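*Asks:* Pasting final_31.cif here (mmCIF, C-alpha atoms):
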```
data_input
#
loop_
_atom_site.label_atom_id
_atom_site.label_comp_id
_atom_site.auth_asym_id
_atom_site.auth_seq_id
_atom_site.Cartn_x
_atom_site.Cartn_y
_atom_site.Cartn_z
CA MET E 1 243.43 31.14 88.50
CA LYS E 2 240.90 33.76 87.50
CA ILE E 3 238.33 34.90 90.02
CA GLY E 4 234.98 35.73 88.48
CA LYS E 5 232.74 38.59 89.51
CA GLY E 6 230.37 36.29 91.38
CA VAL E 7 233.14 34.93 93.61
CA ALA E 8 234.37 38.44 94.43
CA GLN E 9 230.86 39.57 95.36
CA GLN E 10 230.37 36.46 97.45
CA PHE E 11 233.66 37.15 99.25
CA ASN E 12 232.50 40.67 100.12
CA HIS E 13 229.48 39.24 101.98
CA TYR E 14 231.79 37.46 104.42
CA THR E 15 233.53 40.52 105.77
CA HIS E 16 234.00 41.09 109.48
CA GLU E 17 231.19 43.67 109.55
CA ASN E 18 228.64 41.30 108.04
CA ARG E 19 229.44 38.49 110.47
CA LEU E 20 228.68 40.81 113.38
CA GLY E 21 225.29 41.76 111.99
CA ILE E 22 226.23 45.18 110.65
CA ASN E 23 224.89 45.77 107.15
CA SER E 24 226.26 48.43 104.87
CA ASN E 25 222.81 49.93 104.41
CA ARG E 26 222.11 52.54 107.11
CA ALA E 27 218.36 51.86 107.16
CA ASN E 28 219.01 48.19 107.80
CA ASN E 29 221.43 49.09 110.60
CA VAL E 30 218.82 51.22 112.36
CA ARG E 31 216.12 48.58 111.88
CA ASN E 32 218.39 45.80 113.11
CA PHE E 33 219.44 47.84 116.15
CA LYS E 34 215.82 48.63 117.05
CA LEU E 35 214.85 44.99 116.59
CA LEU E 36 217.69 43.67 118.73
CA PHE E 37 217.15 46.36 121.37
CA SER E 38 213.42 45.60 121.61
CA CYS E 39 214.14 41.88 121.98
CA LEU E 40 216.71 42.56 124.70
CA LEU E 41 214.48 45.05 126.52
CA GLY E 42 211.40 42.83 126.42
CA ASN E 43 213.39 39.86 127.65
CA ALA E 44 215.02 41.91 130.41
CA LEU E 45 211.70 43.28 131.67
CA GLU E 46 210.10 39.86 131.63
CA PHE E 47 212.94 38.23 133.55
CA TYR E 48 213.03 41.18 135.94
CA ASP E 49 209.42 40.47 136.88
CA PHE E 50 210.17 36.77 137.01
CA THR E 51 213.16 37.03 139.35
CA LEU E 52 211.68 39.58 141.76
CA CYS E 53 209.94 36.71 143.50
CA GLY E 54 213.27 35.02 144.14
CA VAL E 55 214.83 38.19 145.48
CA PHE E 56 211.97 38.88 147.88
CA ILE E 57 211.23 35.26 148.79
CA THR E 58 211.57 35.83 152.53
CA SER E 59 209.20 38.80 152.70
CA LEU E 60 206.73 37.14 150.30
CA SER E 61 206.76 34.01 152.43
CA GLN E 62 206.10 35.97 155.60
CA THR E 63 203.25 37.86 153.95
CA PHE E 64 201.45 35.07 152.11
CA PHE E 65 202.03 31.96 154.25
CA PRO E 66 201.12 31.30 157.88
CA SER E 67 203.95 30.57 160.26
CA SER E 68 203.35 27.46 162.31
CA GLY E 69 205.78 25.86 164.73
CA ASP E 70 206.90 22.82 162.75
CA SER E 71 206.57 24.06 159.16
CA PRO E 72 208.31 27.34 158.51
CA PHE E 73 206.68 29.77 156.09
CA LEU E 74 209.78 29.80 153.88
CA PHE E 75 208.95 26.36 152.42
CA GLY E 76 205.72 27.75 150.99
CA GLY E 77 207.58 30.63 149.39
CA ILE E 78 210.14 28.33 147.83
CA PHE E 79 207.34 26.11 146.53
CA VAL E 80 205.58 29.07 144.89
CA PHE E 81 208.87 30.36 143.47
CA SER E 82 209.65 26.98 141.91
CA ALA E 83 206.13 26.68 140.48
CA ALA E 84 207.00 29.19 137.77
CA PHE E 85 209.62 26.83 136.42
CA TRP E 86 207.04 24.08 135.94
CA THR E 87 205.09 25.98 133.30
CA ARG E 88 208.02 27.42 131.34
CA PRO E 89 208.24 24.45 128.93
CA LEU E 90 204.50 24.62 128.31
CA GLY E 91 204.76 28.36 127.61
CA ALA E 92 207.58 27.74 125.14
CA ILE E 93 205.46 25.18 123.30
CA VAL E 94 202.30 27.32 123.20
CA PHE E 95 204.01 30.59 122.29
CA GLY E 96 206.22 28.76 119.80
CA TYR E 97 203.08 27.51 118.08
CA ILE E 98 201.56 31.00 118.15
CA GLY E 99 204.79 32.37 116.69
CA ASP E 100 204.82 29.77 113.92
CA ARG E 101 201.16 30.25 113.12
CA TRP E 102 200.59 34.02 113.51
CA GLY E 103 204.09 35.49 113.69
CA ARG E 104 206.79 35.92 116.33
CA LYS E 105 205.97 39.58 116.88
CA ASN E 106 202.41 38.71 117.88
CA ALA E 107 203.59 35.90 120.15
CA LEU E 108 206.11 38.16 121.88
CA SER E 109 203.57 40.96 122.28
CA ILE E 110 201.03 38.61 123.85
CA SER E 111 203.68 37.14 126.12
CA ILE E 112 204.84 40.53 127.37
CA MET E 113 201.29 41.80 127.92
CA LEU E 114 200.27 38.62 129.74
CA MET E 115 203.32 38.92 131.99
CA GLY E 116 202.11 42.27 133.26
CA ILE E 117 198.81 40.88 134.58
CA PRO E 118 200.18 38.49 137.21
CA SER E 119 202.91 40.98 138.14
CA PHE E 120 200.26 43.62 138.80
CA VAL E 121 198.08 41.18 140.76
CA ILE E 122 201.04 40.10 142.92
CA GLY E 123 201.83 43.75 143.63
CA CYS E 124 198.24 44.45 144.73
CA LEU E 125 197.58 41.13 146.48
CA PRO E 126 196.79 41.38 150.21
CA GLY E 127 198.49 38.98 152.58
CA TYR E 128 197.39 35.86 154.40
CA GLU E 129 195.84 37.80 157.27
CA VAL E 130 193.37 39.51 154.93
CA LEU E 131 192.52 36.80 152.36
CA GLY E 132 193.38 33.66 154.26
CA ILE E 133 194.13 30.62 152.12
CA MET E 134 193.18 32.52 148.93
CA ALA E 135 196.33 34.65 149.21
CA PRO E 136 198.83 31.79 148.63
CA ILE E 137 196.54 30.18 146.03
CA THR E 138 196.33 33.45 144.07
CA LEU E 139 200.08 33.90 144.39
CA LEU E 140 200.62 30.37 143.05
CA ILE E 141 198.33 30.98 140.06
CA CYS E 142 200.14 34.24 139.28
CA ARG E 143 203.54 32.55 139.45
CA LEU E 144 202.34 29.75 137.15
CA LEU E 145 201.20 32.37 134.62
CA GLN E 146 204.51 34.23 134.96
CA GLY E 147 206.42 31.04 134.22
CA PHE E 148 204.18 30.32 131.25
CA CYS E 149 204.84 33.77 129.76
CA THR E 150 208.56 33.64 130.48
CA GLY E 151 208.85 30.34 128.64
CA GLY E 152 207.36 31.95 125.56
CA GLU E 153 209.42 35.13 125.77
CA TYR E 154 212.84 33.62 126.32
CA ASN E 155 212.95 31.36 123.27
CA GLY E 156 210.66 33.55 121.18
CA ALA E 157 212.93 36.58 121.42
CA ALA E 158 215.96 34.57 120.31
CA VAL E 159 214.10 33.01 117.37
CA PHE E 160 212.53 36.35 116.41
CA ALA E 161 215.93 38.04 116.26
CA LEU E 162 217.48 35.08 114.48
CA GLU E 163 214.81 35.14 111.78
CA HIS E 164 215.43 38.83 111.08
CA PHE E 165 219.21 38.68 110.82
CA GLN E 166 221.31 37.00 108.19
CA VAL E 167 222.08 33.30 108.50
CA ARG E 168 225.81 33.95 109.03
CA GLN E 169 224.96 35.80 112.24
CA GLY E 170 223.07 32.81 113.59
CA VAL E 171 225.17 32.24 116.68
CA ILE E 172 225.86 35.82 117.74
CA ILE E 173 222.30 37.21 118.02
CA PRO E 174 220.63 34.47 120.14
CA ASN E 175 223.71 34.32 122.38
CA THR E 176 223.50 38.09 122.87
CA ILE E 177 219.90 37.73 124.05
CA ASN E 178 220.88 34.79 126.28
CA LYS E 179 223.79 36.63 127.91
CA PHE E 180 221.75 39.80 128.37
CA THR E 181 219.17 37.73 130.25
CA ASP E 182 221.93 36.25 132.41
CA ILE E 183 223.14 39.74 133.32
CA ASN E 184 219.61 40.70 134.33
#
```
Represent the structure contained in this file as structure tokens.

*Replies:*
Amino acid sequence: MKIGKGVAQQFNHYTHENRLGINSNRANNVRNFKLLFSCLLGNALEFYDFTLCGVFITSLSQTFFPSSGDSPFLFGGIFVFSAAFWTRPLGAIVFGYIGDRWGRKNALSISIMLMGIPSFVIGCLPGYEVLGIMAPITLLICRLLQGFCTGGEYNGAAVFALEHFQVRQGVIIPNTINKFTDIN
């Protein structure tokens, strides 16, 4: 059986290096590394902001919710923490549409910039003793916006990276982003 030139060239595309996302062209390697690193870094920063509320739930609850005898303040903190998960699917839909319509890079940039606003507001927000009922309401609105942005970032980064790598690498790149987020 004679192997033609086309078959030999096709075989060379399925080497171990190509399946891992490493191209023979050095410029493509640098571009692919920068692209993957920026997706991982953006996702890590966004989930870092997102999970800080869970880590500091006790102190946030004490600061932003009044403590009455029968209803402990911790329930309010858990409610606000869980509120961010309500808007994640909506954020994925909206930022997915933005990514389809105007490009994934724009959608990811908007998502990352929008994530900084509620994080900054939460950091500067005075407690219940200063603002009264507006403190937990503002905290709830900020957490809803954080969840909205996280929903767009998480799936958008995986799709963005997947679109820029070869089809044969389809499983490795999104799973790398997923596992990096889990480590965070």

*Asks:* Could you spell out the hits of the PyMOL selection byres ((chain E and resi 136) around 10) on the shown file, as an MDAnalysis selection string?

*Replies:* chainID E and resid 60:61 63:66 76:77 80 125:128 131:135 137:142

*Asks:* In Å, with one decimal, what is the gap from CA of Phe50 in chain E to CA of Arg143 in chain E?

*Replies:*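 Between these atoms lies a distance of 8.2 Å.
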
*Asks:* If you apply the PyMOL selection byres ((chain E and resi 148) around 9) to this file, what residues do you get, as a PyMOL selection string?

*Replies:* chain E and resi 84-92+94-95+111+115+143-147+149-153

*Asks:* Just how far from CA of Leu36 in chain E is CA of Ala161 in chain E, in Å to one decimal?

*Replies:*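 That distance, rounded to one decimal, is 6.4 Å.
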
*Asks:* Can you measure CA of Asp100 in chain E to CA of His164 in chain E for me? One decimal in Å is fine.

*Replies:*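 Between CA of Asp100 in chain E and CA of His164 in chain E the gap is 14.2 Å.
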
*Asks:* Can you turn the PyMOL selection byres ((chain E and resi 49) around 10) into a concrete residue list for this file, as an MDAnalysis selection string?

*Replies:* chainID E and resid 44:48 50:54 115:116 118:120 146 150

*Asks:* When you count all atoms listed in the file, which of these residues is closest to Ile110 in chain E: E:Gly42, E:Val130, E:Phe37, E:Ser59?

*Replies:* E:Gly42

*Asks:* Have a look at E:Ile98, E:Val30, E:Leu35, E:Ile78 and name the one nearest to Gly156 in chain E; count only C-alpha atoms.

*Replies:* E:Ile98

*Asks:* Kindly add N, CA and C atoms to the incomplete range 39-67 of chain E and provide the output as a PDB file, in the coordinates of the input.

*Replies:*
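And here's result-v8.pdb as it stands now:
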```
ATOM      1  N   CYS E  39     214.072  43.258 121.472  1.00  0.00           N
ATOM      2  CA  CYS E  39     214.140  41.880 121.980  1.00  0.00           C
ATOM      3  C   CYS E  39     214.854  41.830 123.329  1.00  0.00           C
ATOM      4  N   LEU E  40     215.960  42.540 123.439  1.00  0.00           N
ATOM      5  CA  LEU E  40     216.710  42.560 124.700  1.00  0.00           C
ATOM      6  C   LEU E  40     215.900  43.218 125.816  1.00  0.00           C
ATOM      7  N   LEU E  41     215.250  44.336 125.507  1.00  0.00           N
ATOM      8  CA  LEU E  41     214.480  45.050 126.520  1.00  0.00           C
ATOM      9  C   LEU E  41     213.272  44.245 126.980  1.00  0.00           C
ATOM     10  N   GLY E  42     212.551  43.661 126.045  1.00  0.00           N
ATOM     11  CA  GLY E  42     211.400  42.830 126.420  1.00  0.00           C
ATOM     12  C   GLY E  42     211.800  41.644 127.262  1.00  0.00           C
ATOM     13  N   ASN E  43     212.890  40.998 126.888  1.00  0.00           N
ATOM     14  CA  ASN E  43     213.390  39.860 127.650  1.00  0.00           C
ATOM     15  C   ASN E  43     213.858  40.298 129.032  1.00  0.00           C
ATOM     16  N   ALA E  44     214.529  41.425 129.115  1.00  0.00           N
ATOM     17  CA  ALA E  44     215.020  41.910 130.410  1.00  0.00           C
ATOM     18  C   ALA E  44     213.869  42.254 131.345  1.00  0.00           C
ATOM     19  N   LEU E  45     212.848  42.928 130.829  1.00  0.00           N
ATOM     20  CA  LEU E  45     211.700  43.280 131.670  1.00  0.00           C
ATOM     21  C   LEU E  45     210.955  42.039 132.135  1.00  0.00           C
ATOM     22  N   GLU E  46     210.820  41.081 131.259  1.00  0.00           N
ATOM     23  CA  GLU E  46     210.100  39.860 131.630  1.00  0.00           C
ATOM     24  C   GLU E  46     210.866  39.085 132.700  1.00  0.00           C
ATOM     25  N   PHE E  47     212.164  38.955 132.546  1.00  0.00           N
ATOM     26  CA  PHE E  47     212.940  38.230 133.550  1.00  0.00           C
ATOM     27  C   PHE E  47     213.101  39.051 134.833  1.00  0.00           C
ATOM     28  N   TYR E  48     213.011  40.361 134.739  1.00  0.00           N
ATOM     29  CA  TYR E  48     213.030  41.180 135.940  1.00  0.00           C
ATOM     30  C   TYR E  48     211.803  40.869 136.799  1.00  0.00           C
ATOM     31  N   ASP E  49     210.635  40.851 136.166  1.00  0.00           N
ATOM     32  CA  ASP E  49     209.420  40.470 136.880  1.00  0.00           C
ATOM     33  C   ASP E  49     209.522  39.059 137.437  1.00  0.00           C
ATOM     34  N   PHE E  50     210.093  38.185 136.646  1.00  0.00           N
ATOM     35  CA  PHE E  50     210.170  36.770 137.010  1.00  0.00           C
ATOM     36  C   PHE E  50     211.081  36.546 138.216  1.00  0.00           C
ATOM     37  N   THR E  51     212.191  37.266 138.280  1.00  0.00           N
ATOM     38  CA  THR E  51     213.160  37.030 139.350  1.00  0.00           C
ATOM     39  C   THR E  51     212.896  37.851 140.614  1.00  0.00           C
ATOM     40  N   LEU E  52     212.000  38.826 140.547  1.00  0.00           N
ATOM     41  CA  LEU E  52     211.680  39.580 141.760  1.00  0.00           C
ATOM     42  C   LEU E  52     211.165  38.673 142.871  1.00  0.00           C
ATOM     43  N   CYS E  53     210.442  37.646 142.494  1.00  0.00           N
ATOM     44  CA  CYS E  53     209.940  36.710 143.500  1.00  0.00           C
ATOM     45  C   CYS E  53     211.080  36.014 144.220  1.00  0.00           C
ATOM     46  N   GLY E  54     212.115  35.662 143.512  1.00  0.00           N
ATOM     47  CA  GLY E  54     213.270  35.020 144.140  1.00  0.00           C
ATOM     48  C   GLY E  54     214.030  35.957 145.060  1.00  0.00           C
ATOM     49  N   VAL E  55     214.109  37.215 144.665  1.00  0.00           N
ATOM     50  CA  VAL E  55     214.830  38.190 145.480  1.00  0.00           C
ATOM     51  C   VAL E  55     214.089  38.461 146.785  1.00  0.00           C
ATOM     52  N   PHE E  56     212.774  38.556 146.697  1.00  0.00           N
ATOM     53  CA  PHE E  56     211.970  38.880 147.880  1.00  0.00           C
ATOM     54  C   PHE E  56     211.268  37.662 148.462  1.00  0.00           C
ATOM     55  N   ILE E  57     211.872  36.500 148.349  1.00  0.00           N
ATOM     56  CA  ILE E  57     211.230  35.260 148.790  1.00  0.00           C
ATOM     57  C   ILE E  57     210.918  35.266 150.286  1.00  0.00           C
ATOM     58  N   THR E  58     211.786  35.826 151.083  1.00  0.00           N
ATOM     59  CA  THR E  58     211.570  35.830 152.530  1.00  0.00           C
ATOM     60  C   THR E  58     210.375  36.704 152.898  1.00  0.00           C
ATOM     61  N   SER E  59     210.319  37.917 152.366  1.00  0.00           N
ATOM     62  CA  SER E  59     209.200  38.800 152.700  1.00  0.00           C
ATOM     63  C   SER E  59     207.889  38.301 152.091  1.00  0.00           C
ATOM     64  N   LEU E  60     207.941  37.721 150.880  1.00  0.00           N
ATOM     65  CA  LEU E  60     206.730  37.140 150.300  1.00  0.00           C
ATOM     66  C   LEU E  60     206.231  35.965 151.126  1.00  0.00           C
ATOM     67  N   SER E  61     207.147  35.160 151.606  1.00  0.00           N
ATOM     68  CA  SER E  61     206.760  34.010 152.430  1.00  0.00           C
ATOM     69  C   SER E  61     206.117  34.453 153.724  1.00  0.00           C
ATOM     70  N   GLN E  62     206.668  35.474 154.346  1.00  0.00           N
ATOM     71  CA  GLN E  62     206.100  35.970 155.600  1.00  0.00           C
ATOM     72  C   GLN E  62     204.723  36.592 155.384  1.00  0.00           C
ATOM     73  N   THR E  63     204.517  37.188 154.227  1.00  0.00           N
ATOM     74  CA  THR E  63     203.250  37.860 153.950  1.00  0.00           C
ATOM     75  C   THR E  63     202.147  36.881 153.547  1.00  0.00           C
ATOM     76  N   PHE E  64     202.483  35.896 152.717  1.00  0.00           N
ATOM     77  CA  PHE E  64     201.450  35.070 152.110  1.00  0.00           C
ATOM     78  C   PHE E  64     201.274  33.685 152.745  1.00  0.00           C
ATOM     79  N   PHE E  65     202.136  33.292 153.654  1.00  0.00           N
ATOM     80  CA  PHE E  65     202.030  31.960 154.250  1.00  0.00           C
ATOM     81  C   PHE E  65     202.015  32.079 155.772  1.00  0.00           C
ATOM     82  N   PRO E  66     201.153  31.260 156.417  1.00  0.00           N
ATOM     83  CA  PRO E  66     201.120  31.300 157.880  1.00  0.00           C
ATOM     84  C   PRO E  66     202.370  30.655 158.462  1.00  0.00           C
ATOM     85  N   SER E  67     202.778  31.130 159.584  1.00  0.00           N
ATOM     86  CA  SER E  67     203.950  30.570 160.260  1.00  0.00           C
ATOM     87  C   SER E  67     203.467  29.676 161.395  1.00  0.00           C
TER      88      SER E  67
END
```
